[in-house]
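Undergrad: Below you'll find the structure I mean.
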Amino acid sequence: MRTFDGYPRDDGPAGVRNYVAVIPTSVTASPVATAIADRSAENVRATPHQMGSDPPEATREQVERTLAGVGSNPNVGAALVVGLGTEATDVDDIADAVAATGRDVETLSIREAGGTAAAVDEGSELARSLREGISGARREERDADELVFAVECGGSDATSGIAANPAVGAACDRLVRDGGTATFSETPEFIGAEHVLAERCADEAVRERLLDRVERREATAELMGVDLRGAQPSPGNQEGGLTTIEEKSLGAISKGGTTPVRGIVDYAERLPVGGGLVLMDTPGYDIESVVGKVAGGAQVVAFTTGRGSTTGNPLAPVIKVTGNPKTADRLAANVDVDASDVIDGEPIDAVGERIYETLLAVAGGERTAAERRHLEEFAVNELQPNELASLRGDA
Amino acid sequence: MKGTVLGDAGLHMTAQDNVVTAIDDLETGTEIPYDGVTVELDEAVPFGHKIALVAMEPGDAVVKYGETIGEAVEPIAPGEWVHTHNCESRRGRGDRAANDGEVA
């Protein structure tokens with residue numbers, strides 16, 4: 001069994017970081033959360049986002065599930081939930097859900113504090129006290145089976161499906177063999193490759209659920225009487241040599257490796273620990289998709305890119321992998337693993353081992369390029385009108 | 001790497017594929033040996049893009065990774081660049097469904 005040095009948690013797997021999360025419930029509370037984190041020590045991290053204060057019911061439920069999941073991520077030791085005080089998205093509901101995991105949680109109302117400046121003062125004090133509460137945590141050796149490893153691809157080109165994705169997939173296979181969980185998402189990017197995934201589903205129920213989710217995403221395009229071309233693959237993907245969504249998908253799914261698909265969960269739903277390969281049903285937007293998996297409990301993310309992507313996450317370290325030699329060169333300071341030697345003949349399995357070693361080192365505290373550069377993008381997926389209609393049964 | 005490199009120019013991912021992926025920026029006239037013949041590029045093809053190994057007619061499946069990635073919408077000659085101008089997706093085609101009158 002491979003191991004990493006993590007922060008043991010009472011309620012579940014070890015964290016790979018030990019953060020105080022400052023979680024705003026709305027776009028309005030987001031600048032205050034950011035200001036609190038900016039004023040505080042480095043391990044106080046804000047998750048600012050664009051969600052409105054009074055969203056439709058289904059949207060609100062998804063936002064609350066996401067924020068509660070983020071606050072309960074193993075990398076979070078304690079949380080501060082910040083609201084303006086008028087939001088339908090409830091500060092207390094989110095705080096209670098996080099507190100139920102045994103974490104220290106505080107809440108802050110900007111209205112009750114007496115405005116934004118007073119709220120930043122009060123919030124900074126609360127964050128300091130929460131930070132003191134978790135400062136005694138020490139890393140201990142933990143088995144790799146406690147890891148939930150999220151994989152993502154963005155800015156894909158032809159090298160993604162040839163080099164970076166299969167190499168990350170080989171790392172997923174290693175982690176699954178060691179008893180851990182690997183997960184990938186972006187259901188629109190299963191279109192044209194779902195038959196390959198369906199054949200690998202562990203049982204009939206998982207297979208049906210997977211095919212149903214893909215059909216739902218594809219129907220979105222058909223309902224609107226348009227096609228996916230122009231958006232999937234994106235203009236950038238096309239410039240990088242990807243012609244159709246089928247080609248993009250067939251390359252994309254290789255980042256999950258080759259093991260059986262054990263399940264498919266909803267956006268931001270809790271991912272099983274020790275669960276093998278599990279998919280998450282998300283849209284194809286990188287930042288929202290990464291956040292969904294972090295809300296599901298992923299402690300570390302690997303993000304493959306062909307054309308280049310520099311994004312990170314406030315709470316989970318993001319390991320950047322590229323299979324494109326030009327990107328490896330141009331964005332050297334933003335890339336953690338150069339997988340482009342695959343194209344010159346380095347075996348995929350050897351690169352997979354390098355990525356697995358990087359995963360364990362990063363889990364043990366080694367900083368990624370995105371962490372060193374404070375790249376901490378965060379966004380919550382907002383259900384679109386047609387998705388809301390379909391949830392209500394109108395469509 | 002999975003697949004076979006043909007003529008140091010094109011990556012053939014599986015034996016069933018009827019296209020190869022350029023592993024460098026390839027110039028007009030680059031020769032790719034395939035199945036006992038030589039396929040010659042009639043135009044420059046950038047790194048990562050695809051080249052037809054065989055002749056295709058509209059409606060023929062374009063195969064990469066051993067899977068259908070779309071269909072030819074123009075006649076394609078061996079050595080021709082295969083991309084959005086002559087190959088289209090078969091999936092997520094709300095536009096085709098609309099033309100067929102399947103969507104109100």
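Ordered as shown in the structure tokens, chains take letters A, B, and onward, while each chain numbers its residues from 1 and ligands are numbered from 1 in the order shown.
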Counting only C-alpha atoms, which residues of chain B fall within 9 Å of chain A, and what is the closest atom pair for each with its distance in Å at one decimal, ordered by chain and rising number, as a Markdown table?

TA:
| residue | atom | partner | partner_atom | distance |
| --- | --- | --- | --- | --- |
| B:Met1 | CA | A:Val342 | CA | 5.4 |
| B:Lys2 | CA | A:Ile162 | CA | 7.5 |
| B:Leu11 | CA | A:Ile343 | CA | 8.9 |
| B:Met13 | CA | A:Ile162 | CA | 8.4 |
| B:Thr21 | CA | A:Ala158 | CA | 7.9 |
| B:Ile23 | CA | A:Ile343 | CA | 7.4 |
| B:Pro46 | CA | A:Gly241 | CA | 8.0 |
| B:Phe47 | CA | A:Gly241 | CA | 7.7 |
| B:Gly48 | CA | A:Ala158 | CA | 4.9 |
| B:His49 | CA | A:Gly241 | CA | 4.2 |
| B:Lys50 | CA | A:Gly241 | CA | 7.1 |
| B:Lys64 | CA | A:Glu247 | CA | 7.5 |
| B:Tyr65 | CA | A:Leu250 | CA | 7.4 |
| B:Glu67 | CA | A:Leu250 | CA | 8.2 |
| B:Thr68 | CA | A:Glu246 | CA | 7.5 |
| B:Ile69 | CA | A:Glu246 | CA | 4.8 |
| B:Gly70 | CA | A:Thr244 | CA | 6.5 |
| B:Val82 | CA | A:Thr243 | CA | 8.2 |
| B:His83 | CA | A:Thr243 | CA | 5.3 |
| B:Thr84 | CA | A:Thr243 | CA | 5.4 |
| B:Cys87 | CA | A:Thr243 | CA | 7.3 |
| B:Glu88 | CA | A:Thr244 | CA | 6.4 |
| B:Ser89 | CA | A:Thr244 | CA | 5.1 |
| B:Arg90 | CA | A:Glu246 | CA | 8.2 |
| B:Arg91 | CA | A:Gly192 | CA | 6.9 |
| B:Gly92 | CA | A:Glu218 | CA | 5.3 |
| B:Arg93 | CA | A:Asp227 | CA | 4.4 |
| B:Gly94 | CA | A:Glu222 | CA | 3.7 |
| B:Asp95 | CA | A:Val226 | CA | 4.6 |
| B:Arg96 | CA | A:Asp227 | CA | 7.9 |
| B:Ala97 | CA | A:Glu222 | CA | 6.9 |
| B:Ala98 | CA | A:Gly225 | CA | 5.4 |
| B:Asn99 | CA | A:Gly225 | CA | 8.7 |
| B:Val103 | CA | A:Gly225 | CA | 6.9 |
| B:Ala104 | CA | A:Gly225 | CA | 8.7 |

Undergrad: Let's have the selection written as a compact mmCIF listing (two decimals), in the first residue's frame, with C-alpha atoms.

TA:
# COMPACT_ATOMS: atom_id res chain seq x y z
CA MET B 1 2.27 5.61 -26.53
CA LYS B 2 -0.68 3.67 -27.79
CA LEU B 11 0.02 8.43 -35.31
CA MET B 13 -4.09 4.88 -32.83
CA THR B 21 -2.93 12.26 -36.30
CA ILE B 23 2.69 14.37 -34.70
CA PRO B 46 -0.78 21.23 -38.46
CA PHE B 47 0.32 19.22 -35.39
CA GLY B 48 -2.55 17.30 -33.82
CA HIS B 49 -4.79 17.40 -36.89
CA LYS B 50 -5.94 14.37 -38.91
CA LYS B 64 -10.08 7.09 -34.72
CA TYR B 65 -9.34 5.23 -31.44
CA GLU B 67 -14.38 4.21 -32.82
CA THR B 68 -16.57 6.37 -35.07
CA ILE B 69 -15.79 10.03 -34.43
CA GLY B 70 -18.09 11.42 -37.14
CA VAL B 82 -9.80 15.73 -42.24
CA HIS B 83 -11.48 18.37 -40.09
CA THR B 84 -14.69 20.35 -39.63
CA CYS B 87 -16.21 15.73 -41.33
CA GLU B 88 -19.18 16.28 -39.01
CA SER B 89 -20.46 14.90 -35.74
CA ARG B 90 -23.38 12.47 -35.75
CA ARG B 91 -24.31 13.39 -32.17
CA GLY B 92 -26.10 16.25 -30.41
CA ARG B 93 -27.56 17.29 -33.78
CA GLY B 94 -30.62 19.28 -32.73
CA ASP B 95 -30.34 21.06 -36.08
CA ARG B 96 -30.91 17.83 -38.02
CA ALA B 97 -33.78 16.81 -35.73
CA ALA B 98 -35.37 20.23 -36.33
CA ASN B 99 -35.04 19.81 -40.11
CA VAL B 103 -38.92 18.98 -32.73
CA ALA B 104 -41.77 21.44 -32.44

Undergrad: Give me, as an MDAnalysis selection string, all polymer residues having an atom no more than 7 Å from range 110-125 of chain A, counting only C-alpha atoms and skipping those fewer than 6 positions away in the same chain.

TA: chainID A and resid 32 35:36 39:40 83:85

Undergrad: At a cut-off of 9 Å, using only C-alpha atoms, what residues contact range 293-304 of chain A? Leave out same-chain residues fewer than 6 positions from it and give the result as a VMD selection string.

TA: chain A and resid 14 to 17 65 to 75 147 to 156 160 164 to 165 168 181 to 185 255 267 to 273 280 311 to 313 315 to 323 355 359 362 to 363

Undergrad: Please measure the separation of CA of Val380 in chain A and CA of His49 in chain A, giving the value in Å to one decimal.

TA: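 CA of His49 in chain A lies 6.6 Å from CA of Val380 in chain A.
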
Undergrad: So, counting only C-alpha atoms, which residue among B:Pro78, B:Thr38, B:Asn86, B:Glu43 is closest to Gly59 in chain B?

TA: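 Among the listed residues, B:Asn86 lies closest to Gly59 in chain B.
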
Undergrad: Write out as a ChimeraX atom specification each polymer residue whose atoms come within 7 Å of Ile32 in chain B, counting only C-alpha atoms; drop sequence neighbours fewer than 3 positions from it.

TA: /B:6-7,9,38-40

Undergrad: DSSP on the backbone, alpha helix (DSSP H) only: what residues of range 130-359 of chain A does that give? Format it as a ChimeraX atom specification.

TA: /A:130-134,158-159,165-177,194-199,204-223,235-239,245-252,286-295,325-330,348-359

Undergrad: Could you turn the residues from that selection into a file that holds C-alpha atoms, as a PDB file, in the first residue's frame?

TA:
ATOM      1  CA  LEU A 130     -11.196  29.146  13.991  1.00  0.00           C
ATOM      2  CA  ARG A 131      -7.607  28.985  12.741  1.00  0.00           C
ATOM      3  CA  GLU A 132      -6.292  28.692  16.280  1.00  0.00           C
ATOM      4  CA  GLY A 133      -8.719  25.843  16.834  1.00  0.00           C
ATOM      5  CA  ILE A 134      -7.240  23.781  13.980  1.00  0.00           C
ATOM      6  CA  ALA A 158      -5.357  16.269 -29.920  1.00  0.00           C
ATOM      7  CA  THR A 159      -2.537  15.600 -27.430  1.00  0.00           C
ATOM      8  CA  ASN A 165      -5.444  11.878 -20.421  1.00  0.00           C
ATOM      9  CA  PRO A 166      -4.321   8.250 -20.739  1.00  0.00           C
ATOM     10  CA  ALA A 167      -1.327   9.045 -18.486  1.00  0.00           C
ATOM     11  CA  VAL A 168      -3.591  10.514 -15.786  1.00  0.00           C
ATOM     12  CA  GLY A 169      -5.830   7.487 -16.357  1.00  0.00           C
ATOM     13  CA  ALA A 170      -2.895   5.216 -15.578  1.00  0.00           C
ATOM     14  CA  ALA A 171      -2.465   7.101 -12.274  1.00  0.00           C
ATOM     15  CA  CYS A 172      -6.203   6.609 -11.538  1.00  0.00           C
ATOM     16  CA  ASP A 173      -5.799   2.876 -12.193  1.00  0.00           C
ATOM     17  CA  ARG A 174      -2.960   2.770  -9.638  1.00  0.00           C
ATOM     18  CA  LEU A 175      -4.978   4.594  -6.982  1.00  0.00           C
ATOM     19  CA  VAL A 176      -8.034   2.375  -7.567  1.00  0.00           C
ATOM     20  CA  ARG A 177      -5.803  -0.703  -7.309  1.00  0.00           C
ATOM     21  CA  GLU A 194     -20.804   6.503 -23.545  1.00  0.00           C
ATOM     22  CA  HIS A 195     -20.931   3.018 -25.092  1.00  0.00           C
ATOM     23  CA  VAL A 196     -17.304   2.505 -24.017  1.00  0.00           C
ATOM     24  CA  LEU A 197     -18.116   3.617 -20.447  1.00  0.00           C
ATOM     25  CA  ALA A 198     -21.395   1.642 -20.421  1.00  0.00           C
ATOM     26  CA  GLU A 199     -19.510  -1.570 -21.172  1.00  0.00           C
ATOM     27  CA  GLU A 204     -27.024  -2.709 -14.912  1.00  0.00           C
ATOM     28  CA  ALA A 205     -28.319   0.029 -12.591  1.00  0.00           C
ATOM     29  CA  VAL A 206     -25.146   2.098 -13.022  1.00  0.00           C
ATOM     30  CA  ARG A 207     -25.236   1.506 -16.772  1.00  0.00           C
ATOM     31  CA  GLU A 208     -28.822   2.736 -17.086  1.00  0.00           C
ATOM     32  CA  ARG A 209     -28.168   5.776 -14.910  1.00  0.00           C
ATOM     33  CA  LEU A 210     -25.102   6.704 -16.962  1.00  0.00           C
ATOM     34  CA  LEU A 211     -26.908   6.390 -20.310  1.00  0.00           C
ATOM     35  CA  ASP A 212     -29.877   8.344 -18.949  1.00  0.00           C
ATOM     36  CA  ARG A 213     -27.633  11.225 -17.845  1.00  0.00           C
ATOM     37  CA  VAL A 214     -25.867  11.376 -21.216  1.00  0.00           C
ATOM     38  CA  GLU A 215     -29.204  11.317 -23.053  1.00  0.00           C
ATOM     39  CA  ARG A 216     -30.454  14.175 -20.887  1.00  0.00           C
ATOM     40  CA  ARG A 217     -27.420  16.343 -21.695  1.00  0.00           C
ATOM     41  CA  GLU A 218     -27.651  15.552 -25.412  1.00  0.00           C
ATOM     42  CA  ALA A 219     -31.412  16.287 -25.378  1.00  0.00           C
ATOM     43  CA  THR A 220     -30.603  19.794 -24.149  1.00  0.00           C
ATOM     44  CA  ALA A 221     -29.196  20.540 -27.603  1.00  0.00           C
ATOM     45  CA  GLU A 222     -32.082  18.839 -29.380  1.00  0.00           C
ATOM     46  CA  LEU A 223     -34.721  20.671 -27.332  1.00  0.00           C
ATOM     47  CA  PRO A 235     -13.258  26.779 -31.247  1.00  0.00           C
ATOM     48  CA  GLY A 236     -10.013  26.275 -29.320  1.00  0.00           C
ATOM     49  CA  ASN A 237     -10.438  22.502 -29.283  1.00  0.00           C
ATOM     50  CA  GLN A 238     -11.003  22.649 -33.060  1.00  0.00           C
ATOM     51  CA  GLU A 239      -7.875  24.685 -33.621  1.00  0.00           C
ATOM     52  CA  ILE A 245     -17.663  15.871 -29.827  1.00  0.00           C
ATOM     53  CA  GLU A 246     -17.210  12.111 -30.317  1.00  0.00           C
ATOM     54  CA  GLU A 247     -13.483  12.581 -30.881  1.00  0.00           C
ATOM     55  CA  LYS A 248     -13.192  14.916 -27.876  1.00  0.00           C
ATOM     56  CA  SER A 249     -15.169  12.519 -25.651  1.00  0.00           C
ATOM     57  CA  LEU A 250     -13.202   9.422 -26.645  1.00  0.00           C
ATOM     58  CA  GLY A 251     -10.026  11.266 -25.660  1.00  0.00           C
ATOM     59  CA  ALA A 252     -11.593  12.751 -22.510  1.00  0.00           C
ATOM     60  CA  ASP A 286     -14.017  23.379 -15.962  1.00  0.00           C
ATOM     61  CA  ILE A 287     -14.209  25.496 -12.820  1.00  0.00           C
ATOM     62  CA  GLU A 288     -17.763  24.441 -11.912  1.00  0.00           C
ATOM     63  CA  SER A 289     -16.901  20.848 -12.639  1.00  0.00           C
ATOM     64  CA  VAL A 290     -13.797  20.914 -10.390  1.00  0.00           C
ATOM     65  CA  VAL A 291     -15.804  22.599  -7.609  1.00  0.00           C
ATOM     66  CA  GLY A 292     -18.542  19.924  -7.886  1.00  0.00           C
ATOM     67  CA  LYS A 293     -15.959  17.213  -7.227  1.00  0.00           C
ATOM     68  CA  VAL A 294     -14.284  19.150  -4.387  1.00  0.00           C
ATOM     69  CA  ALA A 295     -17.766  19.567  -2.854  1.00  0.00           C
ATOM     70  CA  PRO A 325       5.252  19.937 -25.966  1.00  0.00           C
ATOM     71  CA  LYS A 326       4.656  23.580 -26.957  1.00  0.00           C
ATOM     72  CA  THR A 327       2.373  24.165 -23.957  1.00  0.00           C
ATOM     73  CA  ALA A 328       4.839  22.384 -21.666  1.00  0.00           C
ATOM     74  CA  ASP A 329       7.432  24.887 -22.865  1.00  0.00           C
ATOM     75  CA  ARG A 330       5.336  28.079 -22.966  1.00  0.00           C
ATOM     76  CA  ILE A 348       2.056   5.882 -20.863  1.00  0.00           C
ATOM     77  CA  ASP A 349       2.452   3.667 -17.828  1.00  0.00           C
ATOM     78  CA  ALA A 350       5.754   5.335 -16.875  1.00  0.00           C
ATOM     79  CA  VAL A 351       4.139   8.780 -17.026  1.00  0.00           C
ATOM     80  CA  GLY A 352       1.191   7.382 -15.040  1.00  0.00           C
ATOM     81  CA  GLU A 353       3.605   6.321 -12.300  1.00  0.00           C
ATOM     82  CA  ARG A 354       5.155   9.815 -12.286  1.00  0.00           C
ATOM     83  CA  ILE A 355       1.685  11.338 -11.915  1.00  0.00           C
ATOM     84  CA  TYR A 356       0.792   8.930  -9.092  1.00  0.00           C
ATOM     85  CA  GLU A 357       4.015   9.840  -7.272  1.00  0.00           C
ATOM     86  CA  THR A 358       3.184  13.523  -7.778  1.00  0.00           C
ATOM     87  CA  LEU A 359      -0.328  12.913  -6.404  1.00  0.00           C
TER      88      LEU A 359
END

Undergrad: Enumerate as a PyMOL selection string all residues of range 77-189 of chain A assigned to strand (DSSP E or B) by DSSP on the backbone, naming them with the chain letters and numbers the document uses.

TA: chain A and resi 77-83+104-109+140-143+148-153+181-184

Undergrad: Hey, can you check how far CA of Gly12 in chain A sits from CA of Glu366 in chain A?

TA: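 Going from CA of Gly12 in chain A over to CA of Glu366 in chain A covers 22.1 Å.
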
Undergrad: Show me, as an MDAnalysis selection string, the residues that have an atom within 6 Å of range 99-106 of chain A when counting only C-alpha atoms, minus same-chain residues fewer than 6 positions from it.

TA: chainID A and resid 11 78:80

Undergrad: Save the residues we just selected, N, CA and C atoms, as a compact mmCIF listing (two decimals), in the first residue's frame?

TA:
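Contents of out-v9.txt, freshly written:
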# COMPACT_ATOMS: atom_id res chain seq x y z
N ASP A 11 -14.39 12.56 10.98
CA ASP A 11 -15.61 12.13 10.29
C ASP A 11 -15.33 11.36 9.01
N ALA A 78 -12.10 23.86 9.56
CA ALA A 78 -13.15 24.67 10.18
C ALA A 78 -13.69 25.63 9.12
N ALA A 79 -14.91 26.14 9.36
CA ALA A 79 -15.52 26.98 8.32
C ALA A 79 -16.24 28.18 8.92
N LEU A 80 -16.24 29.25 8.14
CA LEU A 80 -17.00 30.46 8.46
C LEU A 80 -17.96 30.70 7.30

Undergrad: What's the 6 Å shell around Ile51 in chain B, counting only C-alpha atoms, without same-chain residues fewer than 6 positions away, as a PyMOL selection string?

TA: chain B and resi 19-20+79-82

Undergrad: Would you save the residues from that selection as a PDB file, in the first residue's frame, using C-alpha atoms?

TA:
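Dumped to out19.pdb:
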ATOM      1  CA  VAL B  19      -7.168   8.577 -40.243  1.00  0.00           C
ATOM      2  CA  VAL B  20      -3.820   9.348 -38.599  1.00  0.00           C
ATOM      3  CA  GLY B  79      -3.695  12.343 -47.903  1.00  0.00           C
ATOM      4  CA  GLU B  80      -6.350  14.997 -47.381  1.00  0.00           C
ATOM      5  CA  TRP B  81      -6.707  16.964 -44.140  1.00  0.00           C
ATOM      6  CA  VAL B  82      -9.805  15.731 -42.241  1.00  0.00           C
TER       7      VAL B  82
END

Undergrad: Looking at B:Asp8, B:Glu31, B:Asp24, B:Glu71, which one is nearest to Val45 in chain B, with distances taken over only C-alpha atoms?

TA: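 Of B:Asp8, B:Glu31, B:Asp24, B:Glu71, the one nearest Val45 in chain B, counting only C-alpha atoms, is B:Asp24.
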